[in-house]
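Enquirer: Take a look at work.txt, compact mmCIF, N, CA and C atoms:
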```txt
# COMPACT_ATOMS: atom_id res chain seq x y z
N MET D 297 10.67 45.70 53.72
CA MET D 297 9.26 45.67 54.03
C MET D 297 8.38 46.01 52.84
N ALA D 298 8.81 46.95 52.03
CA ALA D 298 8.00 47.39 50.90
C ALA D 298 7.73 46.25 49.94
N SER D 299 8.71 45.38 49.68
CA SER D 299 8.49 44.29 48.74
C SER D 299 7.51 43.27 49.30
N SER D 300 7.49 43.07 50.62
CA SER D 300 6.55 42.15 51.24
C SER D 300 5.12 42.65 51.06
N ASN D 301 4.92 43.95 51.27
CA ASN D 301 3.60 44.54 51.06
C ASN D 301 3.22 44.47 49.59
N PHE D 302 4.18 44.72 48.71
CA PHE D 302 3.91 44.66 47.27
C PHE D 302 3.49 43.24 46.89
N SER D 303 4.20 42.25 47.39
CA SER D 303 3.87 40.85 47.10
C SER D 303 2.46 40.51 47.60
N ASN D 304 2.15 40.96 48.79
CA ASN D 304 0.82 40.72 49.33
C ASN D 304 -0.26 41.42 48.51
N ASP D 305 0.03 42.67 48.09
CA ASP D 305 -0.91 43.41 47.26
C ASP D 305 -1.16 42.70 45.93
N ILE D 306 -0.11 42.20 45.31
CA ILE D 306 -0.25 41.49 44.04
C ILE D 306 -1.05 40.20 44.23
N ALA D 307 -0.75 39.47 45.29
CA ALA D 307 -1.48 38.23 45.57
C ALA D 307 -2.96 38.51 45.81
N ALA D 308 -3.26 39.57 46.54
CA ALA D 308 -4.65 39.93 46.80
C ALA D 308 -5.35 40.36 45.51
N TRP D 309 -4.66 41.14 44.69
CA TRP D 309 -5.22 41.57 43.41
C TRP D 309 -5.49 40.36 42.52
N ALA D 310 -4.56 39.42 42.47
CA ALA D 310 -4.73 38.22 41.64
C ALA D 310 -5.95 37.41 42.11
N GLU D 311 -6.13 37.30 43.40
CA GLU D 311 -7.28 36.56 43.93
C GLU D 311 -8.60 37.27 43.60
N ARG D 312 -8.63 38.60 43.77
CA ARG D 312 -9.83 39.37 43.42
C ARG D 312 -10.14 39.24 41.94
N THR D 313 -9.11 39.27 41.11
CA THR D 313 -9.29 39.16 39.67
C THR D 313 -9.85 37.80 39.30
N LYS D 314 -9.34 36.75 39.91
CA LYS D 314 -9.84 35.41 39.64
C LYS D 314 -11.31 35.29 40.02
N LYS D 315 -11.67 35.82 41.18
CA LYS D 315 -13.06 35.77 41.62
C LYS D 315 -13.96 36.56 40.68
N ARG D 316 -13.48 37.70 40.22
CA ARG D 316 -14.28 38.51 39.30
C ARG D 316 -14.46 37.79 37.97
N MET D 317 -13.40 37.15 37.49
CA MET D 317 -13.51 36.39 36.24
C MET D 317 -14.57 35.30 36.38
N GLU D 318 -14.57 34.61 37.51
CA GLU D 318 -15.57 33.57 37.75
C GLU D 318 -16.97 34.16 37.78
N GLU D 319 -17.12 35.33 38.40
CA GLU D 319 -18.42 36.00 38.45
C GLU D 319 -18.89 36.38 37.05
N VAL D 320 -17.98 36.90 36.24
CA VAL D 320 -18.34 37.30 34.87
C VAL D 320 -18.76 36.07 34.06
N VAL D 321 -18.03 34.98 34.18
CA VAL D 321 -18.37 33.76 33.44
C VAL D 321 -19.74 33.24 33.89
N ASN D 322 -19.97 33.20 35.19
CA ASN D 322 -21.23 32.69 35.72
C ASN D 322 -22.39 33.57 35.28
N LEU D 323 -22.25 34.87 35.45
CA LEU D 323 -23.31 35.80 35.07
C LEU D 323 -23.55 35.78 33.57
N SER D 324 -22.50 35.72 32.78
CA SER D 324 -22.64 35.66 31.32
C SER D 324 -23.40 34.41 30.89
N THR D 325 -23.07 33.30 31.51
CA THR D 325 -23.73 32.04 31.16
C THR D 325 -25.19 32.06 31.57
N GLN D 326 -25.48 32.61 32.73
CA GLN D 326 -26.88 32.75 33.16
C GLN D 326 -27.65 33.60 32.16
N ARG D 327 -27.03 34.69 31.73
CA ARG D 327 -27.71 35.59 30.79
C ARG D 327 -27.87 34.95 29.42
N LEU D 328 -26.90 34.17 28.99
CA LEU D 328 -27.02 33.47 27.72
C LEU D 328 -28.18 32.48 27.77
N ALA D 329 -28.26 31.70 28.84
CA ALA D 329 -29.37 30.76 29.00
C ALA D 329 -30.70 31.50 29.04
N GLY D 330 -30.72 32.62 29.74
CA GLY D 330 -31.94 33.42 29.82
C GLY D 330 -32.35 33.96 28.45
N ALA D 331 -31.38 34.37 27.65
CA ALA D 331 -31.69 34.88 26.31
C ALA D 331 -32.29 33.79 25.43
N VAL D 332 -31.77 32.58 25.53
CA VAL D 332 -32.32 31.46 24.75
C VAL D 332 -33.75 31.19 25.19
N VAL D 333 -33.97 31.10 26.50
CA VAL D 333 -35.30 30.79 27.02
C VAL D 333 -36.29 31.90 26.66
N GLU D 334 -35.87 33.15 26.80
CA GLU D 334 -36.78 34.27 26.50
C GLU D 334 -37.17 34.30 25.03
N ALA D 335 -36.29 33.87 24.14
CA ALA D 335 -36.59 33.90 22.71
C ALA D 335 -37.33 32.65 22.24
N THR D 336 -37.54 31.70 23.12
CA THR D 336 -38.21 30.46 22.74
C THR D 336 -39.72 30.65 22.76
N PRO D 337 -40.38 30.27 21.65
CA PRO D 337 -41.85 30.41 21.61
C PRO D 337 -42.52 29.57 22.70
N LEU D 338 -43.58 30.07 23.23
CA LEU D 338 -44.28 29.41 24.33
C LEU D 338 -45.57 28.72 23.89
N ALA D 339 -45.67 28.30 22.63
CA ALA D 339 -46.91 27.73 22.10
C ALA D 339 -47.54 26.73 23.07
N SER D 340 -46.83 25.69 23.43
CA SER D 340 -47.38 24.71 24.36
C SER D 340 -46.59 24.68 25.66
N GLY D 341 -45.41 25.29 25.66
CA GLY D 341 -44.55 25.25 26.84
C GLY D 341 -43.61 24.04 26.83
N GLU D 342 -43.88 23.07 25.96
CA GLU D 342 -43.06 21.86 25.93
C GLU D 342 -41.62 22.18 25.56
N LEU D 343 -41.43 23.01 24.55
CA LEU D 343 -40.07 23.31 24.10
C LEU D 343 -39.29 24.08 25.16
N VAL D 344 -39.85 25.13 25.66
CA VAL D 344 -39.14 25.95 26.64
C VAL D 344 -38.86 25.14 27.92
N ASN D 345 -39.76 24.26 28.27
CA ASN D 345 -39.56 23.43 29.46
C ASN D 345 -38.56 22.31 29.24
N SER D 346 -38.16 22.09 27.98
CA SER D 346 -37.18 21.05 27.70
C SER D 346 -35.75 21.61 27.68
N PHE D 347 -35.58 22.90 27.94
CA PHE D 347 -34.25 23.51 27.95
C PHE D 347 -33.43 22.95 29.11
N ARG D 348 -32.19 22.57 28.81
CA ARG D 348 -31.31 21.99 29.83
C ARG D 348 -29.91 22.59 29.73
N VAL D 349 -29.24 22.64 30.86
CA VAL D 349 -27.84 23.04 30.94
C VAL D 349 -27.13 21.93 31.68
N SER D 350 -26.00 21.46 31.12
CA SER D 350 -25.28 20.38 31.78
C SER D 350 -23.79 20.51 31.52
N ALA D 351 -23.03 19.81 32.34
CA ALA D 351 -21.58 19.69 32.16
C ALA D 351 -21.33 18.33 31.53
N PRO D 352 -20.36 18.21 30.63
CA PRO D 352 -20.15 16.95 29.92
C PRO D 352 -20.02 15.72 30.80
N SER D 353 -19.32 15.81 31.90
CA SER D 353 -19.09 14.63 32.72
C SER D 353 -20.22 14.36 33.70
N ARG D 354 -21.21 15.24 33.74
CA ARG D 354 -22.30 15.09 34.71
C ARG D 354 -23.65 15.22 34.02
N GLN D 355 -23.81 14.58 32.88
CA GLN D 355 -25.03 14.70 32.09
C GLN D 355 -26.28 14.32 32.89
N SER D 356 -26.15 13.40 33.81
CA SER D 356 -27.33 12.95 34.54
C SER D 356 -27.80 13.98 35.57
N GLU D 357 -27.02 15.00 35.80
CA GLU D 357 -27.39 16.01 36.79
C GLU D 357 -27.68 17.35 36.12
N ASP D 358 -28.44 17.30 35.04
CA ASP D 358 -28.79 18.51 34.31
C ASP D 358 -29.51 19.49 35.23
N VAL D 359 -29.31 20.77 34.94
CA VAL D 359 -30.02 21.81 35.66
C VAL D 359 -31.33 22.05 34.94
N GLU D 360 -32.42 21.79 35.60
CA GLU D 360 -33.72 21.98 35.00
C GLU D 360 -34.37 23.23 35.56
N GLY D 361 -35.43 23.68 34.91
CA GLY D 361 -36.22 24.75 35.46
C GLY D 361 -35.84 26.14 35.00
N ALA D 362 -34.97 26.27 34.00
CA ALA D 362 -34.62 27.60 33.53
C ALA D 362 -35.86 28.36 33.07
N ALA D 363 -36.81 27.64 32.51
CA ALA D 363 -38.02 28.29 32.03
C ALA D 363 -38.93 28.74 33.17
N GLU D 364 -38.73 28.21 34.34
CA GLU D 364 -39.56 28.57 35.48
C GLU D 364 -38.93 29.65 36.33
N GLY D 365 -37.90 30.32 35.81
CA GLY D 365 -37.30 31.43 36.52
C GLY D 365 -36.13 31.05 37.38
N HIS D 366 -35.70 29.78 37.38
CA HIS D 366 -34.53 29.39 38.16
C HIS D 366 -33.27 29.78 37.40
N GLN D 367 -32.28 30.28 38.10
CA GLN D 367 -31.04 30.66 37.46
C GLN D 367 -30.17 29.44 37.22
N VAL D 368 -29.36 29.53 36.19
CA VAL D 368 -28.39 28.48 35.93
C VAL D 368 -27.31 28.56 36.98
N ASP D 369 -27.07 27.47 37.68
CA ASP D 369 -26.09 27.45 38.76
C ASP D 369 -24.86 26.68 38.29
N LEU D 370 -23.87 27.41 37.77
CA LEU D 370 -22.67 26.76 37.27
C LEU D 370 -21.89 26.10 38.39
N ALA D 371 -21.91 26.69 39.57
CA ALA D 371 -21.19 26.09 40.70
C ALA D 371 -21.76 24.71 41.00
N GLY D 372 -23.06 24.57 40.87
CA GLY D 372 -23.70 23.28 41.10
C GLY D 372 -23.30 22.25 40.06
N LEU D 373 -22.90 22.69 38.89
CA LEU D 373 -22.45 21.77 37.85
C LEU D 373 -20.99 21.37 38.05
N GLY D 374 -20.27 22.10 38.87
CA GLY D 374 -18.87 21.78 39.10
C GLY D 374 -17.98 22.07 37.91
N VAL D 375 -18.32 23.09 37.13
CA VAL D 375 -17.55 23.43 35.95
C VAL D 375 -16.42 24.38 36.33
N PRO D 376 -15.17 23.98 36.08
CA PRO D 376 -14.06 24.87 36.40
C PRO D 376 -13.93 25.98 35.34
N MET D 377 -13.17 27.01 35.67
CA MET D 377 -12.90 28.06 34.69
C MET D 377 -12.32 27.41 33.44
N GLY D 378 -12.84 27.77 32.30
CA GLY D 378 -12.38 27.20 31.04
C GLY D 378 -13.03 25.88 30.71
N GLY D 379 -13.89 25.39 31.59
CA GLY D 379 -14.58 24.13 31.35
C GLY D 379 -15.73 24.30 30.36
N LEU D 380 -16.31 23.20 29.97
CA LEU D 380 -17.40 23.21 29.01
C LEU D 380 -18.74 22.99 29.69
N ILE D 381 -19.75 23.64 29.15
CA ILE D 381 -21.13 23.34 29.53
C ILE D 381 -21.90 23.14 28.24
N HIS D 382 -23.01 22.46 28.34
CA HIS D 382 -23.89 22.26 27.19
C HIS D 382 -25.23 22.88 27.52
N MET D 383 -25.77 23.60 26.55
CA MET D 383 -27.12 24.14 26.66
C MET D 383 -27.89 23.64 25.46
N GLY D 384 -29.11 23.25 25.69
CA GLY D 384 -29.92 22.80 24.56
C GLY D 384 -31.30 22.37 24.99
N PHE D 385 -32.03 21.91 24.02
CA PHE D 385 -33.40 21.46 24.22
C PHE D 385 -33.48 19.96 24.03
N THR D 386 -34.36 19.32 24.78
CA THR D 386 -34.56 17.89 24.62
C THR D 386 -35.82 17.57 23.82
N ALA D 387 -36.66 18.56 23.59
CA ALA D 387 -37.88 18.32 22.82
C ALA D 387 -37.52 17.93 21.38
N PRO D 388 -38.20 16.94 20.82
CA PRO D 388 -37.85 16.46 19.49
C PRO D 388 -38.03 17.51 18.38
N HIS D 389 -38.88 18.48 18.57
CA HIS D 389 -39.13 19.47 17.53
C HIS D 389 -38.27 20.74 17.69
N ALA D 390 -37.28 20.71 18.56
CA ALA D 390 -36.45 21.90 18.81
C ALA D 390 -35.75 22.39 17.55
N ALA D 391 -35.18 21.49 16.77
CA ALA D 391 -34.46 21.89 15.55
C ALA D 391 -35.40 22.53 14.55
N GLU D 392 -36.62 22.02 14.44
CA GLU D 392 -37.59 22.61 13.52
C GLU D 392 -37.93 24.05 13.93
N VAL D 393 -38.05 24.28 15.21
CA VAL D 393 -38.36 25.63 15.69
C VAL D 393 -37.15 26.54 15.48
N GLU D 394 -35.96 26.04 15.75
CA GLU D 394 -34.74 26.83 15.59
C GLU D 394 -34.49 27.20 14.13
N TYR D 395 -34.54 26.20 13.25
CA TYR D 395 -34.13 26.40 11.85
C TYR D 395 -35.28 26.55 10.86
N GLY D 396 -36.47 26.20 11.26
CA GLY D 396 -37.61 26.26 10.35
C GLY D 396 -37.87 24.92 9.70
N ASN D 397 -39.06 24.80 9.10
CA ASN D 397 -39.45 23.54 8.47
C ASN D 397 -40.60 23.81 7.51
N ASP D 398 -40.61 23.10 6.40
CA ASP D 398 -41.69 23.20 5.41
C ASP D 398 -41.96 24.64 4.99
N GLY D 399 -40.91 25.38 4.71
CA GLY D 399 -41.05 26.75 4.24
C GLY D 399 -41.32 27.78 5.31
N GLN D 400 -41.46 27.35 6.53
CA GLN D 400 -41.69 28.29 7.63
C GLN D 400 -40.35 28.68 8.23
N ALA D 401 -40.16 29.96 8.45
CA ALA D 401 -38.89 30.47 8.99
C ALA D 401 -38.70 29.98 10.43
N GLY D 402 -37.46 29.73 10.77
CA GLY D 402 -37.13 29.32 12.14
C GLY D 402 -37.07 30.52 13.07
N GLN D 403 -37.15 30.25 14.35
CA GLN D 403 -37.08 31.31 15.36
C GLN D 403 -35.65 31.74 15.65
N GLY D 404 -34.70 30.83 15.50
CA GLY D 404 -33.29 31.17 15.71
C GLY D 404 -32.94 31.56 17.13
N MET D 405 -33.66 31.04 18.11
CA MET D 405 -33.44 31.47 19.49
C MET D 405 -32.03 31.16 19.99
N VAL D 406 -31.47 30.03 19.61
CA VAL D 406 -30.11 29.68 20.05
C VAL D 406 -29.08 30.49 19.27
N ARG D 407 -29.26 30.58 17.96
CA ARG D 407 -28.30 31.32 17.13
C ARG D 407 -28.28 32.80 17.48
N LEU D 408 -29.42 33.38 17.74
CA LEU D 408 -29.46 34.81 18.10
C LEU D 408 -28.81 35.05 19.46
N ALA D 409 -29.03 34.15 20.41
CA ALA D 409 -28.39 34.30 21.71
C ALA D 409 -26.88 34.15 21.57
N ALA D 410 -26.43 33.19 20.77
CA ALA D 410 -25.00 33.00 20.57
C ALA D 410 -24.38 34.22 19.89
N GLN D 411 -25.10 34.82 18.98
CA GLN D 411 -24.62 36.03 18.31
C GLN D 411 -24.46 37.18 19.29
N ALA D 412 -25.27 37.20 20.33
CA ALA D 412 -25.21 38.27 21.33
C ALA D 412 -24.16 38.02 22.40
N TRP D 413 -23.45 36.87 22.34
CA TRP D 413 -22.49 36.50 23.38
C TRP D 413 -21.48 37.61 23.72
N PRO D 414 -20.83 38.25 22.74
CA PRO D 414 -19.87 39.32 23.12
C PRO D 414 -20.51 40.44 23.92
N ASP D 415 -21.74 40.82 23.55
CA ASP D 415 -22.44 41.88 24.29
C ASP D 415 -22.85 41.40 25.69
N ILE D 416 -23.23 40.13 25.79
CA ILE D 416 -23.61 39.57 27.08
C ILE D 416 -22.42 39.60 28.03
N VAL D 417 -21.25 39.18 27.53
CA VAL D 417 -20.04 39.16 28.37
C VAL D 417 -19.64 40.58 28.76
N ALA D 418 -19.70 41.51 27.82
CA ALA D 418 -19.34 42.90 28.12
C ALA D 418 -20.27 43.47 29.19
N SER D 419 -21.54 43.16 29.09
CA SER D 419 -22.51 43.63 30.07
C SER D 419 -22.24 43.02 31.44
N ALA D 420 -21.94 41.74 31.47
CA ALA D 420 -21.64 41.06 32.75
C ALA D 420 -20.37 41.64 33.38
N ALA D 421 -19.39 41.95 32.56
CA ALA D 421 -18.15 42.54 33.08
C ALA D 421 -18.42 43.91 33.69
N ARG D 422 -19.29 44.68 33.06
CA ARG D 422 -19.65 46.00 33.61
C ARG D 422 -20.43 45.86 34.91
N ASP D 423 -21.23 44.80 35.01
CA ASP D 423 -22.13 44.65 36.15
C ASP D 423 -21.49 43.97 37.36
N THR D 424 -20.26 43.49 37.20
CA THR D 424 -19.57 42.91 38.35
C THR D 424 -18.59 43.94 38.88
N THR D 425 -18.23 43.79 40.13
CA THR D 425 -17.33 44.76 40.74
C THR D 425 -16.05 44.08 41.21
N ASP D 426 -15.05 44.88 41.39
CA ASP D 426 -13.75 44.36 41.88
C ASP D 426 -13.86 43.84 43.27
```
Would you mind writing the file out in structure tokens?

Expert:
Amino acid sequence: MASSNFSNDIAAWAERTKKRMEEVVNLSTQRLAGAVVEATPLASGELVNSFRVSAPSRQSEDVEGAAEGHQVDLAGLGVPMGGLIHMGFTAPHAAEVEYGNDGQAGQGMVRLAAQAWPDIVASAARDTTD
């Protein structure tokens, strides 16, 4: 009997762990997208409103509205654990704002958010529960 309970305990632990990993990935990605949007200048709103999140095989179903306070819904994108997502801007001047142009320094909103990725994941791991 003890081994049956042990097997069940391990199976339950594995399932909880998988769910927590998915929660950490989802929360981390939401926070990464939020960090990019928050660091984006709001001069006209065009750039921040052009931010998109998509899955490679479902480009036509981009998640819009991150700038309007909507959370990134990875489940809606159908991205499996270990899958890829794309985040970026569609506005033509996005690269100029990111990297700078004509001697003006860039904002680096994407690069700074990417640099914070380890801290974002660590924070999401702390904020999720077993």

Enquirer: Interatomic distance between atom CA of Met317 of chain D and atom CA of Thr425 of chain D?

Expert: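 Going from atom CA of Met317 of chain D over to atom CA of Thr425 of chain D, I get 10.2 Å.
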
Enquirer: Just the number, please: distance in Å from atom N of Arg407 of chain D to atom CA of Gln326 of chain D, one decimal.

Expert: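 Computed distance, atom N of Arg407 of chain D to atom CA of Gln326 of chain D, equals 15.5 Å.
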
Enquirer: Calculate how many Å separate atom N of Ala421 of chain D from atom C of Lys314 of chain D, rounding to one decimal.

Expert: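 Going from atom N of Ala421 of chain D over to atom C of Lys314 of chain D, I get 12.9 Å.
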
Enquirer: Which centre and edge lengths in Å to one decimal define the box along x, y and z that fits every listed atom of segment 302-315 of chain D plus 8 Å per side, as AutoDock Vina command-line options?

Expert:
```
--center_x -4.9 --center_y 40.0 --center_z 44.3 --size_x 34.2 --size_y 25.4 --size_z 26.0
```

Enquirer: Just checking: using only N, CA and C atoms, which residue out of D:Asp398, D:Glu319, D:Glu334, D:Glu311 ends up closest to Thr424 of chain D?

Expert: D:Glu319

Enquirer: Write out as number ranges by chain the set of residues from chain D that DSSP, computed on the backbone, places in strand (DSSP E or B).

Expert: D: 347-350, 359, 382-385, 396-397, 400-401

Enquirer: Got a sec to tell me which of chain D DSSP assigns to helix (DSSP H, G or I), as a PyMOL selection string?

Expert: chain D and resi 298-335+342-345+352-357+362-364+370-373+390-395+405-411+413-423

Enquirer: Which residue is closest to Leu343 of chain D? Choose from D:Tyr395, D:Trp413, D:Phe302, D:Phe385 and count all atoms listed in the file.

Expert: D:Phe385

Enquirer: Could you give me, as a count of residues only, the residues within 8 Å of Glu394 of chain D, counting all atoms listed in the file and dropping anything in the same chain fewer than 2 positions from it?

Expert: 13
